[in-house]
Number of protein chains: 2
Amino acid sequence: MRLTLLGTGDAAGMPVYGCHCERCVMARENPDYRRGPTSALLEIDDKRYLIDAGLMDIADRFPAPTLDGIFLTHFHPDHVQGLFHLRWGRGNKIPVYCPTDNTGFADLLKHPGVLDFQVLRKYEPLNIGELTITPVPLIHSKPTFGYLFEKEGHQIAYLVDTKDIPPRVEEFLREKQLETVIIDTCSPPGVENRNHNNLDDTLSLHQRIGAKKTIMTHIQHDFDLWLTDNCDSLPETVIPGYDGYIAYYR
Amino acid sequence: MRLTLLGTGDAAGMPVYGCHCERCVMARENPDYRRGPTSALLEIDDKRYLIDAGLMDIADRFPAPTLDGIFLTHFHPDHVQGLFHLRWGRGNKIPVYCPTDNTGFADLLKHPGVLDFQVLRKYEPLNIGELTITPVPLIHSKPTFGYLFEKEGHQIAYLVDTKDIPPRVEEFLREKQLETVIIDTCSPPGVENRNHNNLDDTLSLHQRIGAKKTIMTHIQHDFDLWLTDNCDSLPETVIPGYDGYIAYYR
């Protein structure tokens with residue numbers, strides 16, 4: 001099992017359009033510093049699943065039929081905007097697992113094309129081959145699922161977008177003895193955002209969930225600036241993600 | 001004055017995801033055959049205006065502050081989806097001229113960020129320096145404007161998306177003795193679509209409007225296939241557009 005972070009930025013992305021801060025200038029000069037819309041790829045044997053679909057070039061990166069499914073955390077634009085192009089494709093339907101959301105995003109649910117939206121229920125596991133996926137509710141401005149992926153003793157939780165997590169989810173995940181948590185960490189310590197974690201929230205959750213490793217994603221430009229000067233102050237087990245970060249689970 | 005067609009495809013784009021027809025295979029192998037979301041760039045002296053914003057890489061192609069305004073024809077995803085990234089930018093507001101549309105697209109009007117949406121009224125000209133822009137109503141499934149751009153005796157009409165045009169618009173444009181019409185031509189002759197012209201519609205409009213040159217855009221994959229075999233049968237003054245097509249007006 002292999003997990004690749006395809007994007008680790010927020011809705012504004014890195015560089016931020018029109019921003020001339022040190023970090024945005026770096027990101028314009030060197031693609032290594034860019035951050036695309038937060039999303040990931042989970043590969044299991046010959047199967048490939050996207051987690052969120054905000055990338056603008058999904059069709060080119062994953063030509064049909066190389067994509068076996070998409071797990072949507074929620075229907076905000078930076079998590080679904082890449083689906084508009086895919087939907088009018090040809091061939092097999094692509095399963096798109098998602099939370100219940102009556103409004104969805106624009107006309108995606110009304111005109112799904114080849115996208116086969118399948119609503120999941122919180123805590124009700126879905127089994128695909130040897131992979132078990134359990135959606136858990138998060139705390140965000142739209143109905144949002146985190147996902148627990150389990151296969152052969154490996155447990156990965158993907159918790160995006162969220163401000164803290166509900167107590168029941170915390171307990172559920174703690175009992176799983178997670179290998180990796182990938183988590184929304186939008187802002188530097190002390191900067192409050194009612195829809196996203198800051199570093200304080202994430203450090204607290206890292207302790208409370210007790211995962212071996214916590215990887216931060218959905219990183220906003222001001223947190224990226226903070227990291228430039230303060231990255232060394234982080235615990236070794238709390239890591240800022242980057243676009244292209246790969247974790248193997250064998 | 002210089003007009004560049006940035007995209008000449010429909011919502012599915014060319015290649016169509018998962019399609020293995022001759023034309024889609026060609027487009028995957030050779031970028032010259034690709035078609036992005038229908039959109040254009042109008043350059044006048046040192047000013048640059050986008051016509052529609054469906055391109056996914058607007059921020060990279062037009063770094064701030066190189067964009068002086070955006071003319072939206074309507075709020076369908078393939079015409080506005082590129083704005084989601086721009087809106088959270090820094091710096092000067094970007095004027096986005098558009099028709100009245102109560103629903104707009106997703107939360108764009110509610111959370112415009114640096115986008116300064118300015119509603120225009122049909123037939124009421126807007127003057128920006130020596131450029132005069134007149135919005136005209138089109139016939140589509142959402143409120144849609146075509147735009148007449150006039151500068152120093154040069155007249156260009158951009159008519160996307162539309163099925164035919166209202167009689168008053170036809171009369172209005174005929175009197176202008178247009179140099180160029182860029183027009184939605186989605187489908188091959190005989191293929192009906194209630195929201196888009198087919199080639200029959202466009203050939204008729206070319207006659208009725210009496211423009212010196214008609215350039216077709218919003219070309220769907222089946223029309224592209226038709227063009228592969230039948231391009232020579234078109235009148236010399238009716239031209240299939242392509243991404244990167246440039247017209248100069250001096």
# chains A, B, ... in the order shown; residues from 1 in each chain; ligands from 1
>>> closest_atom_pairs(of="chain A", to="chain B", cutoff="6 Å", atoms="only C-alpha atoms", output="Markdown table")
| residue | atom | partner | partner_atom | distance |
| --- | --- | --- | --- | --- |
| A:Ala12 | CA | B:Trp88 | CA | 5.1 |
| A:Val16 | CA | B:Gly89 | CA | 5.6 |
| A:Tyr17 | CA | B:Gly89 | CA | 4.3 |
| A:Gly18 | CA | B:Ala64 | CA | 4.8 |
| A:Cys19 | CA | B:Arg90 | CA | 5.4 |
| A:Met56 | CA | B:Met56 | CA | 5.9 |
| A:Ala64 | CA | B:Gly18 | CA | 4.8 |
| A:His85 | CA | B:Ala12 | CA | 5.5 |
| A:Trp88 | CA | B:Ala12 | CA | 5.1 |
| A:Gly89 | CA | B:Tyr17 | CA | 4.3 |
| A:Arg90 | CA | B:Gly18 | CA | 4.9 |
| A:Gly91 | CA | B:Gly18 | CA | 5.9 |
| A:Ala106 | CA | B:Ala106 | CA | 4.9 |
>>> write_last_selection(atoms="N, CA, C and O atoms", output="mmCIF file, in the first residue's frame")
data_model
loop_
_atom_site.group_PDB
_atom_site.id
_atom_site.type_symbol
_atom_site.label_atom_id
_atom_site.label_comp_id
_atom_site.auth_asym_id
_atom_site.auth_seq_id
_atom_site.Cartn_x
_atom_site.Cartn_y
_atom_site.Cartn_z
ATOM 1 N N ALA A 12 -6.438 28.717 -1.601
ATOM 2 C CA ALA A 12 -5.666 29.752 -2.298
ATOM 3 C C ALA A 12 -4.440 29.156 -2.982
ATOM 4 O O ALA A 12 -3.940 29.692 -3.963
ATOM 5 N N VAL A 16 0.255 32.059 -3.478
ATOM 6 C CA VAL A 16 -1.017 32.772 -3.481
ATOM 7 C C VAL A 16 -0.983 33.803 -4.608
ATOM 8 O O VAL A 16 0.002 34.528 -4.757
ATOM 9 N N TYR A 17 -2.044 33.829 -5.398
ATOM 10 C CA TYR A 17 -2.112 34.756 -6.535
ATOM 11 C C TYR A 17 -1.851 36.200 -6.064
ATOM 12 O O TYR A 17 -2.513 36.696 -5.155
ATOM 13 N N GLY A 18 -0.854 36.829 -6.639
ATOM 14 C CA GLY A 18 -0.565 38.232 -6.337
ATOM 15 C C GLY A 18 0.231 38.459 -5.066
ATOM 16 O O GLY A 18 0.531 39.602 -4.729
ATOM 17 N N CYS A 19 0.591 37.397 -4.344
ATOM 18 C CA CYS A 19 1.330 37.575 -3.088
ATOM 19 C C CYS A 19 2.842 37.595 -3.358
ATOM 20 O O CYS A 19 3.354 36.786 -4.140
ATOM 21 N N MET A 56 -6.450 20.154 -10.837
ATOM 22 C CA MET A 56 -7.015 20.597 -12.101
ATOM 23 C C MET A 56 -6.633 19.702 -13.281
ATOM 24 O O MET A 56 -7.132 19.881 -14.383
ATOM 25 N N ALA A 64 -8.172 7.410 -18.092
ATOM 26 C CA ALA A 64 -9.063 6.245 -17.938
ATOM 27 C C ALA A 64 -8.397 5.032 -18.555
ATOM 28 O O ALA A 64 -7.732 5.163 -19.588
ATOM 29 N N HIS A 85 -14.316 18.270 -15.393
ATOM 30 C CA HIS A 85 -13.811 17.808 -16.678
ATOM 31 C C HIS A 85 -14.021 16.299 -16.841
ATOM 32 O O HIS A 85 -14.445 15.824 -17.894
ATOM 33 N N TRP A 88 -17.754 14.285 -18.041
ATOM 34 C CA TRP A 88 -18.273 14.078 -19.401
ATOM 35 C C TRP A 88 -17.451 13.072 -20.186
ATOM 36 O O TRP A 88 -17.450 13.068 -21.419
ATOM 37 N N GLY A 89 -16.723 12.235 -19.465
ATOM 38 C CA GLY A 89 -15.893 11.223 -20.121
ATOM 39 C C GLY A 89 -16.695 10.048 -20.666
ATOM 40 O O GLY A 89 -17.924 9.998 -20.573
ATOM 41 N N ARG A 90 -15.995 9.119 -21.266
ATOM 42 C CA ARG A 90 -16.594 7.900 -21.809
ATOM 43 C C ARG A 90 -16.147 6.698 -20.966
ATOM 44 O O ARG A 90 -15.193 6.792 -20.205
ATOM 45 N N GLY A 91 -16.817 5.580 -21.154
ATOM 46 C CA GLY A 91 -16.353 4.342 -20.534
ATOM 47 C C GLY A 91 -16.988 4.071 -19.192
ATOM 48 O O GLY A 91 -18.070 4.581 -18.881
ATOM 49 N N ALA A 106 -22.358 23.032 -6.986
ATOM 50 C CA ALA A 106 -22.926 23.435 -8.272
ATOM 51 C C ALA A 106 -23.830 22.312 -8.790
ATOM 52 O O ALA A 106 -24.652 21.796 -8.041
#
>>> calpha_fit_and_write(fixed="chain A", moving="chain B", output="short mmCIF file (atom, residue, chain, number, x, y, z; two decimals) with C-alpha atoms, in the first residue's frame")
data_model
loop_
_atom_site.label_atom_id
_atom_site.label_comp_id
_atom_site.auth_asym_id
_atom_site.auth_seq_id
_atom_site.Cartn_x
_atom_site.Cartn_y
_atom_site.Cartn_z
CA MET B 1 0.01 0.02 0.00
CA ARG B 2 1.36 3.40 -0.98
CA LEU B 3 0.04 6.84 -0.12
CA THR B 4 1.13 9.90 -2.09
CA LEU B 5 0.19 13.43 -1.12
CA LEU B 6 -0.73 15.01 -4.44
CA GLY B 7 -1.59 18.40 -2.99
CA THR B 8 -0.99 19.91 0.45
CA GLY B 9 -2.24 23.47 0.04
CA ASP B 10 -5.44 25.28 0.87
CA ALA B 11 -8.00 26.85 -1.47
CA ALA B 12 -5.67 29.75 -2.30
CA GLY B 13 -2.79 27.40 -3.03
CA MET B 14 0.91 28.16 -2.82
CA PRO B 15 1.93 30.54 -4.35
CA VAL B 16 -1.02 32.76 -3.48
CA TYR B 17 -2.10 34.76 -6.52
CA GLY B 18 -0.56 38.21 -6.33
CA CYS B 19 1.33 37.57 -3.09
CA HIS B 20 4.97 38.65 -2.94
CA CYS B 21 5.96 37.20 0.43
CA GLU B 22 9.23 35.33 0.63
CA ARG B 23 7.54 31.92 0.44
CA CYS B 24 5.24 32.74 -2.49
CA VAL B 25 8.16 34.16 -4.47
CA MET B 26 10.11 30.95 -3.76
CA ALA B 27 7.15 28.85 -4.90
CA ARG B 28 6.95 30.76 -8.18
CA GLU B 29 10.63 30.23 -8.82
CA ASN B 30 10.84 26.60 -7.71
CA PRO B 31 7.98 24.13 -8.24
CA ASP B 32 9.19 22.12 -5.21
CA TYR B 33 7.67 24.81 -2.99
CA ARG B 34 4.26 24.82 -4.64
CA ARG B 35 1.21 23.37 -2.93
CA GLY B 36 -1.79 22.21 -4.94
CA PRO B 37 -5.30 21.61 -3.62
CA THR B 38 -5.16 19.10 -0.73
CA SER B 39 -5.58 15.61 -2.13
CA ALA B 40 -3.88 12.24 -2.12
CA LEU B 41 -3.51 9.01 -4.04
CA LEU B 42 -3.85 5.62 -2.37
CA GLU B 43 -2.39 2.73 -4.37
CA ILE B 44 -3.05 -0.87 -3.41
CA ASP B 45 -1.63 -3.55 -5.68
CA ASP B 46 -3.00 -2.50 -9.09
CA LYS B 47 -5.80 -0.27 -7.73
CA ARG B 48 -5.66 3.51 -7.48
CA TYR B 49 -7.94 5.66 -5.37
CA LEU B 50 -7.97 9.42 -5.21
CA ILE B 51 -8.74 11.12 -1.92
CA ASP B 52 -10.41 14.37 -3.00
CA ALA B 53 -10.42 15.79 -6.46
CA GLY B 54 -9.37 19.42 -6.38
CA LEU B 55 -6.44 18.94 -8.75
CA MET B 56 -7.01 20.60 -12.09
CA ASP B 57 -5.23 17.98 -14.18
CA ILE B 58 -6.74 14.71 -12.98
CA ALA B 59 -7.60 13.61 -16.52
CA ASP B 60 -3.99 13.92 -17.64
CA ARG B 61 -2.45 12.40 -14.52
CA PHE B 62 -4.86 9.49 -14.34
CA PRO B 63 -6.07 8.61 -17.83
CA ALA B 64 -9.05 6.23 -17.95
CA PRO B 65 -9.30 3.50 -16.81
CA THR B 66 -6.46 3.90 -14.28
CA LEU B 67 -8.66 5.38 -11.53
CA ASP B 68 -10.66 2.87 -9.48
CA GLY B 69 -12.51 5.28 -7.24
CA ILE B 70 -12.51 8.65 -5.52
CA PHE B 71 -13.12 9.33 -1.83
CA LEU B 72 -14.48 12.84 -1.34
CA THR B 73 -14.12 14.40 2.08
CA HIS B 74 -16.62 17.17 1.25
CA PHE B 75 -18.00 19.35 -1.51
CA HIS B 76 -15.93 22.53 -1.21
CA PRO B 77 -14.43 23.70 -4.53
CA ASP B 78 -10.79 22.96 -3.72
CA HIS B 79 -11.79 19.33 -3.05
CA VAL B 80 -14.05 18.70 -6.05
CA GLN B 81 -13.23 21.20 -8.80
CA GLY B 82 -11.26 18.63 -10.83
CA LEU B 83 -14.40 16.56 -11.39
CA PHE B 84 -16.00 18.96 -13.87
CA HIS B 85 -13.79 17.81 -16.67
CA LEU B 86 -13.88 14.10 -15.80
CA ARG B 87 -17.64 13.81 -15.66
CA TRP B 88 -18.26 14.08 -19.41
CA GLY B 89 -15.88 11.21 -20.12
CA ARG B 90 -16.58 7.89 -21.82
CA GLY B 91 -16.33 4.34 -20.54
CA ASN B 92 -16.83 2.83 -17.10
CA LYS B 93 -18.42 4.74 -14.29
CA ILE B 94 -16.02 5.98 -11.61
CA PRO B 95 -17.26 5.40 -8.04
CA VAL B 96 -17.14 8.64 -6.05
CA TYR B 97 -17.69 7.95 -2.34
CA CYS B 98 -18.91 10.94 -0.36
CA PRO B 99 -20.87 12.19 2.63
CA THR B 100 -24.53 13.17 2.36
CA ASP B 101 -24.69 16.77 1.20
CA ASN B 102 -27.96 18.07 -0.21
CA THR B 103 -26.38 20.98 -2.02
CA GLY B 104 -23.20 19.20 -3.14
CA PHE B 105 -21.26 21.53 -5.41
CA ALA B 106 -22.91 23.44 -8.26
CA ASP B 107 -24.58 20.91 -10.59
CA LEU B 108 -22.22 17.97 -9.97
CA LEU B 109 -24.84 15.76 -8.29
CA LYS B 110 -27.52 16.73 -10.83
CA HIS B 111 -25.34 16.03 -13.86
CA PRO B 112 -22.81 13.41 -12.72
CA GLY B 113 -21.90 12.03 -16.17
CA VAL B 114 -19.57 9.05 -15.63
CA LEU B 115 -19.19 9.88 -11.94
CA ASP B 116 -21.10 7.40 -9.79
CA PHE B 117 -21.69 9.24 -6.50
CA GLN B 118 -22.18 6.77 -3.64
CA VAL B 119 -23.14 8.18 -0.26
CA LEU B 120 -21.43 6.51 2.70
CA ARG B 121 -22.62 6.55 6.32
CA LYS B 122 -20.43 7.49 9.25
CA TYR B 123 -18.77 4.57 11.02
CA GLU B 124 -20.16 2.08 8.46
CA PRO B 125 -17.13 0.41 6.88
CA LEU B 126 -16.85 -0.19 3.16
CA ASN B 127 -14.80 -3.18 2.02
CA ILE B 128 -13.03 -3.15 -1.31
CA GLY B 129 -10.94 -6.31 -1.61
CA GLU B 130 -8.62 -6.34 1.39
CA LEU B 131 -9.04 -2.62 2.01
CA THR B 132 -11.50 -1.43 4.65
CA ILE B 133 -12.55 2.20 4.58
CA THR B 134 -14.46 3.74 7.48
CA PRO B 135 -15.84 7.26 7.15
CA VAL B 136 -15.88 9.36 10.33
CA PRO B 137 -17.56 12.76 10.80
CA LEU B 138 -15.35 15.83 11.05
CA ILE B 139 -16.02 19.42 12.19
CA HIS B 140 -16.23 21.78 9.24
CA SER B 141 -18.57 24.27 7.57
CA LYS B 142 -19.94 21.61 5.23
CA PRO B 143 -20.76 17.92 5.91
CA THR B 144 -17.30 16.35 5.93
CA PHE B 145 -15.87 12.86 6.28
CA GLY B 146 -12.47 11.82 7.44
CA TYR B 147 -11.49 8.33 6.27
CA LEU B 148 -9.79 5.48 8.05
CA PHE B 149 -8.04 3.16 5.60
CA GLU B 150 -7.10 -0.30 6.94
CA LYS B 151 -5.28 -3.11 5.20
CA GLU B 152 -3.29 -6.00 6.66
CA GLY B 153 -2.50 -4.34 9.97
CA HIS B 154 -1.78 -0.93 8.48
CA GLN B 155 -4.02 1.94 9.59
CA ILE B 156 -4.03 5.37 8.04
CA ALA B 157 -6.45 8.16 8.91
CA TYR B 158 -7.06 11.07 6.55
CA LEU B 159 -8.71 13.95 8.45
CA VAL B 160 -9.39 16.89 6.12
CA ASP B 161 -10.95 19.54 6.48
CA THR B 162 -11.60 19.87 10.17
CA LYS B 163 -11.32 22.02 13.28
CA ASP B 164 -10.49 19.51 16.04
CA ILE B 165 -12.47 16.24 15.77
CA PRO B 166 -15.56 14.96 17.61
CA PRO B 167 -14.79 13.10 20.89
CA ARG B 168 -16.23 9.84 19.53
CA VAL B 169 -13.93 10.02 16.50
CA GLU B 170 -10.96 10.68 18.76
CA GLU B 171 -11.78 7.61 20.84
CA PHE B 172 -12.45 5.50 17.74
CA LEU B 173 -9.11 6.44 16.19
CA ARG B 174 -7.10 6.12 19.41
CA GLU B 175 -8.21 2.51 19.75
CA LYS B 176 -6.99 1.79 16.24
CA GLN B 177 -3.34 2.51 17.15
CA LEU B 178 -2.79 4.37 13.92
CA GLU B 179 0.39 4.28 11.92
CA THR B 180 -0.24 7.59 10.18
CA VAL B 181 -2.64 10.48 10.50
CA ILE B 182 -2.81 12.99 7.67
CA ILE B 183 -4.51 16.05 9.06
CA ASP B 184 -5.71 19.53 8.11
CA THR B 185 -3.28 22.02 9.70
CA CYS B 186 -4.03 25.31 8.09
CA SER B 187 -2.52 27.92 10.38
CA PRO B 188 0.44 28.70 12.62
CA PRO B 189 0.10 28.32 16.40
CA GLY B 190 -2.23 30.85 18.00
CA VAL B 191 -4.06 31.73 14.78
CA GLU B 192 -7.67 30.69 15.11
CA ASN B 193 -9.87 29.49 12.27
CA ARG B 194 -13.22 27.97 13.08
CA ASN B 195 -13.05 25.54 10.15
CA HIS B 196 -9.43 24.39 10.22
CA ASN B 197 -6.81 23.27 12.73
CA ASN B 198 -3.86 25.40 13.61
CA LEU B 199 -0.59 23.83 14.77
CA ASP B 200 -1.71 23.89 18.43
CA ASP B 201 -4.80 21.84 17.52
CA THR B 202 -2.74 19.36 15.55
CA LEU B 203 -0.10 18.87 18.26
CA SER B 204 -2.90 18.25 20.75
CA LEU B 205 -4.62 15.79 18.42
CA HIS B 206 -1.31 14.04 17.76
CA GLN B 207 -1.05 13.37 21.51
CA ARG B 208 -4.70 12.47 21.99
CA ILE B 209 -4.97 10.11 18.99
CA GLY B 210 -1.55 8.65 19.67
CA ALA B 211 -0.56 7.96 16.07
CA LYS B 212 3.04 6.99 15.33
CA LYS B 213 3.26 9.79 12.80
CA THR B 214 1.15 12.86 12.00
CA ILE B 215 1.52 14.49 8.61
CA MET B 216 0.16 17.99 8.18
CA THR B 217 -1.63 19.08 5.03
CA HIS B 218 -3.98 21.85 3.80
CA ILE B 219 -1.15 24.22 4.72
CA GLN B 220 -1.96 27.88 4.27
CA HIS B 221 0.61 30.36 3.09
CA ASP B 222 1.04 32.02 6.52
CA PHE B 223 1.72 28.64 8.11
CA ASP B 224 4.21 27.93 5.35
CA LEU B 225 5.97 31.18 6.24
CA TRP B 226 5.99 30.15 9.91
CA LEU B 227 7.43 26.74 9.01
CA THR B 228 10.28 28.39 7.10
CA ASP B 229 11.66 29.71 10.40
CA ASN B 230 10.31 27.20 12.92
CA CYS B 231 10.27 23.79 11.31
CA ASP B 232 13.01 22.53 13.63
CA SER B 233 10.83 23.16 16.69
CA LEU B 234 8.33 20.46 15.66
CA PRO B 235 8.36 16.99 17.25
CA GLU B 236 10.02 14.43 14.98
CA THR B 237 6.71 12.60 14.62
CA VAL B 238 4.80 15.64 13.37
CA ILE B 239 5.77 16.38 9.80
CA PRO B 240 4.75 19.08 7.34
CA GLY B 241 3.53 17.30 4.23
CA TYR B 242 4.55 18.41 0.75
CA ASP B 243 3.26 17.73 -2.74
CA GLY B 244 4.74 14.42 -3.78
CA TYR B 245 5.36 13.07 -0.25
CA ILE B 246 5.16 9.26 -0.40
CA ALA B 247 4.56 6.81 2.44
CA TYR B 248 4.86 3.03 1.98
CA TYR B 249 2.96 0.46 4.06
CA ARG B 250 4.27 -3.09 3.61
#
>>> select_by_dssp(residues="range 33-234 of chain A", states="strand (DSSP E or B)", output="PyMOL selection string")
chain A and resi 35+37+39-44+47-51+69-71+94-98+115-119+126-128+131-137+145-151+154-159+180-184+187+198+213-217+219
